[in-house]
>>> print(open('upload16.cif').read())   # mmCIF, C-alpha atoms
data_start
loop_
_atom_site.group_PDB
_atom_site.id
_atom_site.type_symbol
_atom_site.label_atom_id
_atom_site.label_comp_id
_atom_site.auth_asym_id
_atom_site.auth_seq_id
_atom_site.Cartn_x
_atom_site.Cartn_y
_atom_site.Cartn_z
ATOM 1 C CA MET A 300 8.873 -21.521 5.159
ATOM 2 C CA LEU A 301 8.254 -22.443 8.792
ATOM 3 C CA PRO A 302 5.502 -20.590 10.705
ATOM 4 C CA ARG A 303 6.427 -18.151 13.445
ATOM 5 C CA ALA A 304 6.330 -19.302 17.044
ATOM 6 C CA LYS A 305 5.079 -15.930 18.292
ATOM 7 C CA PRO A 306 2.586 -13.360 16.954
ATOM 8 C CA VAL A 307 3.645 -11.223 14.007
ATOM 9 C CA TYR A 308 2.284 -8.100 15.700
ATOM 10 C CA GLU A 309 2.525 -7.457 19.451
ATOM 11 C CA ASN A 310 0.659 -4.126 19.138
ATOM 12 C CA CYS A 311 2.480 -2.365 21.963
ATOM 13 C CA SER A 312 2.253 1.422 22.296
ATOM 14 C CA VAL A 313 4.881 4.108 22.820
ATOM 15 C CA LEU A 314 3.548 7.454 24.109
ATOM 16 C CA ASP A 315 5.295 10.810 24.284
ATOM 17 C CA VAL A 316 5.606 12.808 27.515
ATOM 18 C CA SER A 317 2.157 14.321 26.963
ATOM 19 C CA GLY A 318 0.540 10.911 26.516
ATOM 20 C CA LYS A 319 0.137 11.084 22.743
ATOM 21 C CA LEU A 320 0.673 7.882 20.768
ATOM 22 C CA LEU A 321 3.942 8.074 18.839
ATOM 23 C CA PHE A 322 4.079 4.624 17.281
ATOM 24 C CA ARG A 323 3.383 0.933 17.742
ATOM 25 C CA ALA A 324 6.167 -1.489 18.526
ATOM 26 C CA GLY A 325 7.022 -4.943 19.772
ATOM 27 C CA ARG A 326 7.810 -5.847 23.357
ATOM 28 C CA LYS A 327 11.539 -5.868 22.581
ATOM 29 C CA LYS A 328 11.398 -2.166 21.692
ATOM 30 C CA LEU A 329 9.573 -1.371 24.914
ATOM 31 C CA ASP A 330 12.176 -3.234 26.944
ATOM 32 C CA TRP A 331 14.924 -1.269 25.175
ATOM 33 C CA TYR A 332 13.491 2.050 26.400
ATOM 34 C CA LEU A 333 12.733 0.729 29.882
ATOM 35 C CA SER A 334 16.181 -0.789 30.380
ATOM 36 C CA ARG A 335 17.751 2.617 29.695
ATOM 37 C CA ASN A 336 15.336 4.514 31.953
ATOM 38 C CA LEU A 337 14.022 6.392 28.938
ATOM 39 C CA ALA A 338 10.398 5.472 29.647
ATOM 40 C CA ARG A 339 8.026 4.342 32.357
ATOM 41 C CA GLU A 340 5.686 1.396 32.038
ATOM 42 C CA ILE A 341 1.991 2.205 31.935
ATOM 43 C CA ASP A 342 0.879 -1.400 31.515
ATOM 44 C CA GLU A 343 2.170 -4.595 29.901
ATOM 45 C CA THR A 344 1.806 -3.216 26.383
ATOM 46 C CA THR A 345 2.293 0.539 26.874
ATOM 47 C CA ILE A 346 5.187 2.772 27.863
ATOM 48 C CA GLN A 347 5.522 6.553 28.096
ATOM 49 C CA LEU A 348 8.759 8.294 27.241
ATOM 50 C CA THR A 349 10.381 10.295 30.036
ATOM 51 C CA PHE A 350 12.131 12.705 27.677
ATOM 52 C CA GLN A 351 10.929 15.178 25.060
ATOM 53 C CA ASN A 352 11.365 13.433 21.729
ATOM 54 C CA LYS A 353 12.680 15.508 18.847
ATOM 55 C CA GLY A 354 10.301 14.356 16.149
ATOM 56 C CA VAL A 355 6.665 13.314 15.971
ATOM 57 C CA GLY A 356 7.389 9.619 15.430
ATOM 58 C CA ARG A 357 4.605 8.014 13.404
ATOM 59 C CA SER A 358 1.901 10.148 15.001
ATOM 60 C CA LYS A 359 0.903 11.613 11.623
ATOM 61 C CA GLU A 360 0.823 8.240 9.833
ATOM 62 C CA PRO A 361 -2.362 6.306 10.639
ATOM 63 C CA PHE A 362 -0.953 3.055 9.265
ATOM 64 C CA TYR A 363 1.629 2.883 12.043
ATOM 65 C CA LEU A 364 -0.808 3.773 14.844
ATOM 66 C CA GLN A 365 -3.448 1.107 14.325
ATOM 67 C CA ASP A 366 -3.809 -2.282 15.965
ATOM 68 C CA MET A 367 -2.736 -4.940 13.490
ATOM 69 C CA ARG A 368 -4.500 -8.283 13.101
ATOM 70 C CA ASN A 369 -2.409 -11.380 13.486
ATOM 71 C CA ALA A 370 -4.045 -12.972 10.478
ATOM 72 C CA CYS A 371 -3.011 -13.774 6.928
ATOM 73 C CA VAL A 372 -3.580 -10.737 4.704
ATOM 74 C CA VAL A 373 -4.508 -13.073 1.853
ATOM 75 C CA CYS A 374 -7.012 -15.525 3.382
ATOM 76 C CA SER A 375 -7.471 -14.237 6.968
ATOM 77 C CA SER A 376 -6.244 -17.478 8.559
ATOM 78 C CA THR A 377 -4.731 -17.080 12.024
ATOM 79 C CA GLU A 378 -2.799 -20.356 11.820
ATOM 80 C CA ASN A 379 0.736 -21.038 10.559
ATOM 81 C CA LEU A 380 1.638 -17.391 10.032
ATOM 82 C CA THR A 381 4.914 -16.178 8.569
ATOM 83 C CA MET A 382 6.326 -12.668 8.326
ATOM 84 C CA HIS A 383 6.301 -11.987 4.595
ATOM 85 C CA HIS A 384 8.778 -9.486 3.159
ATOM 86 C CA VAL A 385 6.857 -7.779 0.366
ATOM 87 C CA VAL A 386 10.156 -6.374 -0.881
ATOM 88 C CA PRO A 387 12.458 -9.395 -0.625
ATOM 89 C CA TYR A 388 15.317 -8.956 1.823
ATOM 90 C CA GLN A 389 17.833 -9.881 -0.865
ATOM 91 C CA TYR A 390 17.085 -6.475 -2.446
ATOM 92 C CA ARG A 391 16.155 -4.347 0.552
ATOM 93 C CA GLN A 392 19.388 -5.113 2.424
ATOM 94 C CA TYR A 393 21.301 -3.103 -0.185
ATOM 95 C CA MET A 394 19.053 -0.048 0.005
ATOM 96 C CA ALA A 395 19.840 3.129 1.938
ATOM 97 C CA GLU A 396 18.923 3.340 5.613
ATOM 98 C CA GLU A 397 16.287 5.976 4.881
ATOM 99 C CA ILE A 398 14.504 3.337 2.783
ATOM 100 C CA LYS A 399 15.016 0.465 5.190
ATOM 101 C CA SER A 400 13.632 2.523 8.080
ATOM 102 C CA HIS A 401 10.210 2.111 6.454
ATOM 103 C CA SER A 402 10.625 -1.651 6.160
ATOM 104 C CA SER A 403 7.900 -2.520 8.683
ATOM 105 C CA PHE A 404 5.342 -1.248 6.184
ATOM 106 C CA ASP A 405 6.361 -4.067 3.860
ATOM 107 C CA LEU A 406 6.276 -6.831 6.475
ATOM 108 C CA LEU A 407 2.909 -8.559 6.433
ATOM 109 C CA PRO A 408 1.509 -11.730 8.026
ATOM 110 C CA VAL A 409 0.912 -14.460 5.456
ATOM 111 C CA CYS A 410 0.106 -18.091 6.216
ATOM 112 C CA THR A 411 2.505 -20.750 4.949
ATOM 113 C CA GLY A 412 0.083 -21.974 2.277
ATOM 114 C CA CYS A 413 -0.511 -18.543 0.764
ATOM 115 C CA HIS A 414 3.149 -17.699 1.126
ATOM 116 C CA ASP A 415 4.268 -20.778 -0.816
ATOM 117 C CA ARG A 416 1.749 -20.121 -3.577
ATOM 118 C CA TYR A 417 2.865 -16.519 -3.958
ATOM 119 C CA GLU A 418 6.575 -17.353 -3.873
ATOM 120 C CA ARG A 419 6.202 -19.209 -7.169
ATOM 121 C CA HIS A 420 5.122 -15.936 -8.765
ATOM 122 C CA ALA A 421 7.829 -13.987 -6.903
ATOM 123 C CA ASN A 422 10.489 -16.311 -8.287
ATOM 124 C CA GLU A 423 9.235 -15.594 -11.807
ATOM 125 C CA LEU A 424 9.757 -11.866 -11.234
ATOM 126 C CA LYS A 425 13.230 -12.507 -9.795
ATOM 127 C CA ARG A 426 14.148 -14.529 -12.878
ATOM 128 C CA HIS A 427 12.873 -11.699 -15.074
ATOM 129 C CA LEU A 428 14.976 -9.163 -13.153
ATOM 130 C CA ALA A 429 17.971 -11.484 -13.436
ATOM 131 C CA GLU A 430 17.655 -11.426 -17.223
ATOM 132 C CA CYS A 431 16.934 -7.733 -17.659
ATOM 133 C CA PHE A 432 19.591 -6.582 -15.176
ATOM 134 C CA GLU A 433 22.289 -9.094 -16.204
ATOM 135 C CA ALA A 434 22.229 -10.247 -12.585
ATOM 136 C CA PRO A 435 22.322 -14.058 -12.386
ATOM 137 C CA PHE A 436 20.125 -15.323 -9.596
ATOM 138 C CA ALA A 437 23.087 -17.220 -8.133
ATOM 139 C CA GLY A 438 25.271 -14.106 -8.243
ATOM 140 C CA ILE A 439 28.707 -13.751 -9.833
ATOM 141 C CA GLY A 440 32.214 -14.213 -8.477
ATOM 142 C CA TRP A 441 31.983 -17.791 -7.244
ATOM 143 C CA ILE A 442 35.133 -19.861 -6.782
ATOM 144 C CA ASP A 443 34.946 -23.599 -7.461
ATOM 145 C CA ARG A 444 37.090 -25.956 -5.380
ATOM 146 C CA PRO A 445 36.963 -29.317 -7.181
ATOM 147 C CA ASP A 446 39.771 -30.738 -5.052
ATOM 148 C CA VAL A 447 37.720 -30.101 -1.908
ATOM 149 C CA GLY A 448 34.736 -31.804 -3.500
ATOM 150 C CA LYS A 449 36.800 -34.828 -4.470
ATOM 151 C CA ALA A 450 38.331 -35.055 -1.005
ATOM 152 C CA GLY A 451 34.917 -34.702 0.615
ATOM 153 C CA LYS A 452 33.645 -37.702 -1.326
ATOM 154 C CA ALA A 453 36.763 -39.643 -0.361
ATOM 155 C CA ALA A 454 36.256 -38.755 3.297
ATOM 156 C CA ALA A 455 32.615 -39.886 3.129
ATOM 157 C CA ALA A 456 33.695 -43.219 1.667
ATOM 158 C CA LEU A 457 36.250 -43.690 4.440
ATOM 159 C CA LEU A 458 33.699 -42.829 7.110
ATOM 160 C CA SER A 459 31.285 -45.405 5.697
ATOM 161 C CA LYS A 460 33.732 -48.159 6.706
ATOM 162 C CA ASN A 461 32.326 -50.250 3.886
ATOM 163 C CA PRO A 462 34.030 -53.667 4.065
ATOM 164 C CA ARG A 463 33.599 -54.121 0.309
ATOM 165 C CA ILE A 464 36.020 -51.312 -0.535
ATOM 166 C CA PRO A 465 39.363 -52.909 -1.502
ATOM 167 C CA ARG A 466 42.450 -52.048 0.538
ATOM 168 C CA ALA A 467 44.144 -50.461 -2.463
ATOM 169 C CA ARG A 468 41.118 -48.216 -3.034
ATOM 170 C CA LEU A 469 41.129 -47.171 0.635
ATOM 171 C CA ASP A 470 44.778 -46.191 0.280
ATOM 172 C CA ASP A 471 43.948 -44.070 -2.786
ATOM 173 C CA LEU A 472 41.125 -42.354 -0.928
ATOM 174 C CA GLY A 473 43.435 -41.671 1.970
ATOM 175 C CA GLU A 474 45.969 -40.032 -0.340
ATOM 176 C CA VAL A 475 43.261 -37.741 -1.751
ATOM 177 C CA VAL A 476 42.282 -36.680 1.774
ATOM 178 C CA TRP A 477 45.929 -36.260 2.795
ATOM 179 C CA ARG A 478 46.748 -33.939 -0.124
ATOM 180 C CA VAL A 479 43.804 -31.625 0.546
ATOM 181 C CA ALA A 480 44.402 -31.667 4.310
ATOM 182 C CA VAL A 481 47.927 -30.406 3.705
ATOM 183 C CA ASP A 482 47.144 -28.006 0.834
ATOM 184 C CA ARG A 483 43.960 -26.593 2.415
ATOM 185 C CA VAL A 484 44.920 -26.762 6.083
ATOM 186 C CA ALA A 485 43.546 -23.238 6.698
ATOM 187 C CA LEU A 486 40.017 -24.485 6.002
ATOM 188 C CA PHE A 487 39.960 -26.727 9.060
ATOM 189 C CA SER A 488 39.211 -25.921 12.700
ATOM 190 C CA ASP A 489 42.085 -24.896 14.975
ATOM 191 C CA GLU A 490 42.183 -28.254 16.697
ATOM 192 C CA THR A 491 42.154 -30.170 13.420
ATOM 193 C CA ARG A 492 44.883 -27.939 11.958
ATOM 194 C CA ARG A 493 47.114 -28.758 14.902
ATOM 195 C CA TRP A 494 46.431 -32.453 14.288
ATOM 196 C CA ILE A 495 47.346 -32.149 10.586
ATOM 197 C CA GLU A 496 50.653 -30.497 11.477
ATOM 198 C CA THR A 497 51.634 -33.598 13.471
ATOM 199 C CA CYS A 498 50.642 -36.104 10.770
ATOM 200 C CA ARG A 499 53.323 -37.954 8.847
ATOM 201 C CA ASP A 500 51.232 -39.606 6.172
ATOM 202 C CA ALA A 501 47.723 -40.346 4.880
ATOM 203 C CA ALA A 502 47.146 -43.054 7.477
ATOM 204 C CA ASP A 503 47.641 -40.530 10.290
ATOM 205 C CA VAL A 504 45.237 -38.038 8.709
ATOM 206 C CA CYS A 505 42.520 -40.593 8.006
ATOM 207 C CA ALA A 506 42.619 -41.821 11.602
ATOM 208 C CA ASN A 507 40.979 -38.550 12.663
ATOM 209 C CA GLU A 508 37.231 -38.850 12.065
ATOM 210 C CA THR A 509 36.676 -35.218 13.072
ATOM 211 C CA LEU A 510 38.882 -34.186 10.163
ATOM 212 C CA LEU A 511 36.928 -36.436 7.810
ATOM 213 C CA HIS A 512 33.585 -34.989 8.995
ATOM 214 C CA GLU A 513 34.867 -31.419 8.555
ATOM 215 C CA LEU A 514 36.002 -32.258 5.048
ATOM 216 C CA CYS A 515 32.588 -33.715 4.178
ATOM 217 C CA ALA A 516 30.932 -30.475 5.326
ATOM 218 C CA MET A 517 33.134 -28.131 3.277
ATOM 219 C CA GLU A 518 31.535 -26.207 0.434
ATOM 220 C CA VAL A 519 32.792 -27.021 -3.038
ATOM 221 C CA ARG A 520 31.719 -23.607 -4.339
ATOM 222 C CA VAL A 521 32.345 -20.465 -2.284
ATOM 223 C CA ALA A 522 31.927 -16.739 -2.773
ATOM 224 C CA GLY A 523 35.167 -15.141 -3.920
ATOM 225 C CA PRO A 524 36.490 -11.701 -2.899
ATOM 226 C CA ASP A 525 34.703 -10.100 -5.865
ATOM 227 C CA PHE A 526 31.405 -11.893 -5.304
ATOM 228 C CA ARG A 527 28.248 -9.878 -6.008
ATOM 229 C CA SER A 528 24.800 -11.212 -5.264
ATOM 230 C CA HIS A 529 21.780 -10.936 -7.547
ATOM 231 C CA GLY A 530 20.123 -8.432 -5.230
ATOM 232 C CA GLU A 531 23.225 -6.269 -4.942
ATOM 233 C CA MET A 532 23.553 -6.117 -8.738
ATOM 234 C CA VAL A 533 19.896 -5.207 -9.312
ATOM 235 C CA VAL A 534 19.872 -2.498 -6.621
ATOM 236 C CA GLY A 535 23.232 -1.159 -7.832
ATOM 237 C CA THR A 536 21.954 -0.815 -11.389
ATOM 238 C CA VAL A 537 18.838 1.003 -10.150
ATOM 239 C CA LEU A 538 20.910 3.340 -7.973
ATOM 240 C CA ARG A 539 23.087 4.216 -10.971
ATOM 241 C CA GLY A 540 20.024 4.775 -13.146
ATOM 242 C CA GLN A 541 21.678 2.562 -15.718
ATOM 243 C CA ARG A 542 19.524 1.381 -18.611
ATOM 244 C CA LEU A 543 20.861 -1.842 -20.088
ATOM 245 C CA PRO A 544 20.316 -2.767 -23.763
ATOM 246 C CA GLN A 545 18.354 -5.955 -23.033
ATOM 247 C CA MET A 546 15.961 -4.348 -20.559
ATOM 248 C CA CYS A 547 12.246 -4.522 -21.222
ATOM 249 C CA ALA A 548 10.207 -1.311 -21.178
ATOM 250 C CA ALA A 549 8.951 -1.947 -17.631
ATOM 251 C CA CYS A 550 12.489 -2.415 -16.276
ATOM 252 C CA ARG A 551 13.672 0.735 -18.034
ATOM 253 C CA GLU A 552 10.886 2.658 -16.289
ATOM 254 C CA LEU A 553 11.863 1.004 -13.012
ATOM 255 C CA VAL A 554 15.454 2.204 -13.412
ATOM 256 C CA ASP A 555 14.253 5.711 -14.265
ATOM 257 C CA GLY A 556 12.130 5.761 -11.098
ATOM 258 C CA GLY A 557 14.959 4.723 -8.803
ATOM 259 C CA ILE A 558 14.684 2.687 -5.608
ATOM 260 C CA PRO A 559 11.128 3.893 -4.794
ATOM 261 C CA ALA A 560 10.014 2.427 -8.124
ATOM 262 C CA LEU A 561 11.638 -0.928 -7.262
ATOM 263 C CA VAL A 562 9.818 -0.993 -3.914
ATOM 264 C CA VAL A 563 6.481 -0.117 -5.507
ATOM 265 C CA CYS A 564 7.101 -2.754 -8.191
ATOM 266 C CA TRP A 565 7.272 -5.480 -5.554
ATOM 267 C CA ARG A 566 4.227 -4.147 -3.709
ATOM 268 C CA ARG A 567 2.159 -4.154 -6.880
ATOM 269 C CA HIS A 568 3.389 -7.619 -7.743
ATOM 270 C CA PHE A 569 2.277 -8.935 -4.359
ATOM 271 C CA VAL A 570 -1.180 -7.399 -4.741
ATOM 272 C CA GLU A 571 -1.608 -8.626 -8.325
ATOM 273 C CA HIS A 572 -0.481 -12.205 -7.685
ATOM 274 C CA ALA A 573 -1.281 -12.955 -4.030
ATOM 275 C CA HIS A 574 -4.669 -11.165 -4.157
ATOM 276 C CA PRO A 575 -4.596 -10.094 -0.484
ATOM 277 C CA ALA A 576 -8.166 -9.408 0.620
ATOM 278 C CA TYR A 577 -7.338 -8.461 4.218
ATOM 279 C CA LEU A 578 -4.596 -5.856 4.009
ATOM 280 C CA PRO A 579 -4.291 -3.449 6.978
ATOM 281 C CA ASP A 580 -6.075 -0.132 6.695
ATOM 282 C CA HIS A 581 -4.021 2.552 4.943
ATOM 283 C CA TRP A 582 -1.779 -0.025 3.216
ATOM 284 C CA MET A 583 -1.330 0.774 -0.462
ATOM 285 C CA SER A 584 1.251 0.023 -3.108
ATOM 286 C CA GLU A 585 2.083 3.691 -3.676
ATOM 287 C CA TYR A 586 2.559 4.534 0.020
ATOM 288 C CA ALA A 587 5.565 6.826 0.532
ATOM 289 C CA VAL A 588 8.822 4.884 0.342
ATOM 290 C CA LEU A 589 11.076 7.605 1.741
ATOM 291 C CA ASN A 590 10.734 9.168 5.163
ATOM 292 C CA LYS A 591 9.599 12.756 4.876
#
>>> encode(input="upload16.cif", output="structure tokens")
Amino acid sequence: MLPRAKPVYENCSVLDVSGKLLFRAGRKKLDWYLSRNLAREIDETTIQLTFQNKGVGRSKEPFYLQDMRNACVVCSSTENLTMHHVVPYQYRQYMAEEIKSHSSFDLLPVCTGCHDRYERHANELKRHLAECFEAPFAGIGWIDRPDVGKAGKAAAALLSKNPRIPRARLDDLGEVVWRVAVDRVALFSDETRRWIETCRDAADVCANETLLHELCAMEVRVAGPDFRSHGEMVVGTVLRGQRLPQMCAACRELVDGGIPALVVCWRRHFVEHAHPAYLPDHWMSEYAVLNK
């Protein structure tokens, strides 16, 4: 994973009309309020709302009010930081909004070295979930397009302009490209589709290098209309509270505990395998998952 170009935490402050700290945010959030005349700027990192907010924000949650260090929570390095998703996005994206609204709690700065070391352990857990939840890591519902793959290889050979390829072989490659260009015309760009419609034979098609490049870039395996990702299948099974026969005892307990249990599972896993020694104050694996 590449390091971030800007700090993980900008530690800006949003105050209510009385001057009480509601929550911390990034500069983008401050600009959102200011651009709508919903706040006035106190200084470069602080704004005060100009309306009476309905709730109390994060004012009763110390974790969200503190200044955060832009340093790896594992080794304390301030270099090459990434934003680590403690609960991988491939699962969290399928959770309810009331869960995702707490997502910033599970975003922590981790340097690239510590991140890569931990990801090896995270992948082991994902493989375990794939087995217990009958949720292949690659997902299900893929559609293979072998003709596209064959034509892509033919197009690459034609683009190589290799003088050692016999004329007869070039003609065969052209026919392969021609058939797919006609049969799969919808896969090409608008301009290339118009070109294909004017072509009379393989020679015409193969004269268009843009078409050949597009064909080389086409995916041989694509998600079908019934595609379901690994994360969607795991979260769906948890939401249904469905115990599967092959599940281990820990995964059965996870299903019984619902989505909060899945979130806590990933938090505990991060603590047990990354050994973060510099977690923010008030961060804990069992911190409330749902907004109260």
>>> residues_around(input="upload16.cif", residues="region 486-490 of chain A", least_positions_apart="2", cutoff="8 Å", atoms="all atoms listed in the file", output="PyMOL selection string")
chain A and resi 483-484+492-494+510+513-514
>>> resolve_selection(input="upload16.cif", expression="the PyMOL selection byres ((chain A and resi 429-433) around 10)", output="ChimeraX atom specification")
/A:423-428,434-438,529-530,532-537,541-551,554
>>> residues_around(input="upload16.cif", residues="region 306-313 of chain A", least_positions_apart="3", cutoff="7 Å", atoms="all atoms listed in the file", output="VMD selection string")
chain A and resid 320 to 326 344 to 347 366 to 367 369 382 408
>>> residues_around(input="upload16.cif", residues="Pro524 (chain A)", least_positions_apart="3", cutoff="10 Å", atoms="all atoms listed in the file", output="VMD selection string")
chain A and resid 440 to 442 521 527
>>> atom_distance(input="upload16.cif", atom1="CA of Glu531 (chain A)", atom2="CA of Glu585 (chain A)")
23.4 Å
>>> atom_distance(input="upload16.cif", atom1="CA of Gly451 (chain A)", atom2="CA of Val479 (chain A)")
9.4 Å
>>> axis_aligned_box(input="upload16.cif", around="region 370-381 of chain A", padding_each_side="8 Å", output="AutoDock Vina command-line options")
--center_x -1.3 --center_y -15.9 --center_z 6.9 --size_x 28.4 --size_y 26.3 --size_z 26.2
>>> resolve_selection(input="upload16.cif", expression="the PyMOL selection byres ((chain A and resi 448) around 10)", output="list in words")
Asp443, Arg444, Pro445, Asp446, Val447, Lys449, Ala450, Gly451, Lys452, Ala453, Ala454, Val479, Leu514, Cys515, Ala516, Met517, Glu518, Val519 and Arg520 of chain A
>>> residues_around(input="upload16.cif", residues="region 570-572 of chain A", least_positions_apart="2", cutoff="8 Å", atoms="all atoms listed in the file", output="PyMOL selection string")
chain A and resi 417+420+566-568+574-575+584
>>> residues_around(input="upload16.cif", residues="Ile558 (chain A)", least_positions_apart="5", cutoff="9 Å", atoms="all atoms listed in the file", output="list in words")
Met394, Ile398, Val534, Val537, Leu538, Leu553, Val563 and Val588 of chain A
>>> write_last_selection(input="upload16.cif", atoms="C-alpha atoms", output="tab-separated table (two decimals), keeping the file's coordinate frame")
chain	number	residue	atom	x	y	z
A	394	MET	CA	19.05	-0.05	0.00
A	398	ILE	CA	14.50	3.34	2.78
A	534	VAL	CA	19.87	-2.50	-6.62
A	537	VAL	CA	18.84	1.00	-10.15
A	538	LEU	CA	20.91	3.34	-7.97
A	553	LEU	CA	11.86	1.00	-13.01
A	563	VAL	CA	6.48	-0.12	-5.51
A	588	VAL	CA	8.82	4.88	0.34
>>> closest_residue(input="upload16.cif", among="A:Arg357, A:Lys328, A:Arg303, A:Arg539", to="Thr381 (chain A)", atoms="all atoms listed in the file")
A:Arg303
>>> closest_residue(input="upload16.cif", among="A:Arg499, A:His383, A:Lys319, A:His581", to="Glu474 (chain A)", atoms="only C-alpha atoms")
A:Arg499
>>> atom_distance(input="upload16.cif", atom1="CA of Tyr577 (chain A)", atom2="CA of Val373 (chain A)")
5.9 Å
>>> resolve_selection(input="upload16.cif", expression="the PyMOL selection byres ((chain A and resi 504) around 9)", output="PyMOL selection string")
chain A and resi 473+476-477+480+494-495+498-503+505-508+510-511
>>> closest_residue(input="upload16.cif", among="A:Lys460, A:Arg391, A:Thr509, A:His384", to="Asp405 (chain A)", atoms="only C-alpha atoms")
A:His384
>>> build_atoms(input="upload16.cif", residues="region 347-366 of chain A", atoms="N, CA and C atoms", output="PDB file, in the coordinates of the input")
ATOM      1  N   GLN A 347       5.530   5.118  28.370  1.00  0.00           N
ATOM      2  CA  GLN A 347       5.522   6.553  28.096  1.00  0.00           C
ATOM      3  C   GLN A 347       6.945   7.067  28.231  1.00  0.00           C
ATOM      4  N   LEU A 348       7.408   7.763  27.207  1.00  0.00           N
ATOM      5  CA  LEU A 348       8.759   8.294  27.241  1.00  0.00           C
ATOM      6  C   LEU A 348       8.925   9.305  28.368  1.00  0.00           C
ATOM      7  N   THR A 349      10.106   9.350  28.946  1.00  0.00           N
ATOM      8  CA  THR A 349      10.381  10.295  30.036  1.00  0.00           C
ATOM      9  C   THR A 349      11.210  11.474  29.548  1.00  0.00           C
ATOM     10  N   PHE A 350      11.372  11.593  28.247  1.00  0.00           N
ATOM     11  CA  PHE A 350      12.131  12.705  27.677  1.00  0.00           C
ATOM     12  C   PHE A 350      11.329  13.278  26.511  1.00  0.00           C
ATOM     13  N   GLN A 351      11.621  14.525  26.174  1.00  0.00           N
ATOM     14  CA  GLN A 351      10.929  15.178  25.060  1.00  0.00           C
ATOM     15  C   GLN A 351      11.564  14.715  23.753  1.00  0.00           C
ATOM     16  N   ASN A 352      10.830  13.928  23.000  1.00  0.00           N
ATOM     17  CA  ASN A 352      11.365  13.433  21.729  1.00  0.00           C
ATOM     18  C   ASN A 352      11.465  14.566  20.718  1.00  0.00           C
ATOM     19  N   LYS A 353      12.436  14.442  19.815  1.00  0.00           N
ATOM     20  CA  LYS A 353      12.680  15.508  18.847  1.00  0.00           C
ATOM     21  C   LYS A 353      11.629  15.553  17.749  1.00  0.00           C
ATOM     22  N   GLY A 354      11.256  14.391  17.250  1.00  0.00           N
ATOM     23  CA  GLY A 354      10.301  14.356  16.149  1.00  0.00           C
ATOM     24  C   GLY A 354       8.902  13.999  16.625  1.00  0.00           C
ATOM     25  N   VAL A 355       8.054  13.670  15.647  1.00  0.00           N
ATOM     26  CA  VAL A 355       6.665  13.314  15.971  1.00  0.00           C
ATOM     27  C   VAL A 355       6.429  11.817  15.810  1.00  0.00           C
ATOM     28  N   GLY A 356       7.537  11.060  15.592  1.00  0.00           N
ATOM     29  CA  GLY A 356       7.389   9.619  15.430  1.00  0.00           C
ATOM     30  C   GLY A 356       6.498   9.286  14.242  1.00  0.00           C
ATOM     31  N   ARG A 357       5.555   8.396  14.452  1.00  0.00           N
ATOM     32  CA  ARG A 357       4.605   8.014  13.404  1.00  0.00           C
ATOM     33  C   ARG A 357       3.226   8.617  13.678  1.00  0.00           C
ATOM     34  N   SER A 358       3.188   9.630  14.540  1.00  0.00           N
ATOM     35  CA  SER A 358       1.901  10.148  15.001  1.00  0.00           C
ATOM     36  C   SER A 358       1.055  10.754  13.885  1.00  0.00           C
ATOM     37  N   LYS A 359       1.660  11.061  12.739  1.00  0.00           N
ATOM     38  CA  LYS A 359       0.903  11.613  11.623  1.00  0.00           C
ATOM     39  C   LYS A 359       0.662  10.587  10.518  1.00  0.00           C
ATOM     40  N   GLU A 360       0.999   9.305  10.807  1.00  0.00           N
ATOM     41  CA  GLU A 360       0.823   8.240   9.833  1.00  0.00           C
ATOM     42  C   GLU A 360      -0.103   7.173  10.409  1.00  0.00           C
ATOM     43  N   PRO A 361      -1.372   7.227  10.067  1.00  0.00           N
ATOM     44  CA  PRO A 361      -2.362   6.306  10.639  1.00  0.00           C
ATOM     45  C   PRO A 361      -2.002   4.828  10.514  1.00  0.00           C
ATOM     46  N   PHE A 362      -1.307   4.470   9.442  1.00  0.00           N
ATOM     47  CA  PHE A 362      -0.953   3.055   9.265  1.00  0.00           C
ATOM     48  C   PHE A 362      -0.181   2.526  10.458  1.00  0.00           C
ATOM     49  N   TYR A 363       0.739   3.335  10.978  1.00  0.00           N
ATOM     50  CA  TYR A 363       1.629   2.883  12.043  1.00  0.00           C
ATOM     51  C   TYR A 363       1.008   3.023  13.437  1.00  0.00           C
ATOM     52  N   LEU A 364      -0.178   3.572  13.531  1.00  0.00           N
ATOM     53  CA  LEU A 364      -0.808   3.773  14.844  1.00  0.00           C
ATOM     54  C   LEU A 364      -1.908   2.762  15.133  1.00  0.00           C
ATOM     55  N   GLN A 365      -2.320   2.015  14.157  1.00  0.00           N
ATOM     56  CA  GLN A 365      -3.448   1.107  14.325  1.00  0.00           C
ATOM     57  C   GLN A 365      -3.029  -0.231  14.930  1.00  0.00           C
ATOM     58  N   ASP A 366      -4.007  -0.902  15.546  1.00  0.00           N
ATOM     59  CA  ASP A 366      -3.809  -2.282  15.965  1.00  0.00           C
ATOM     60  C   ASP A 366      -3.810  -3.158  14.723  1.00  0.00           C
TER      61      ASP A 366
END
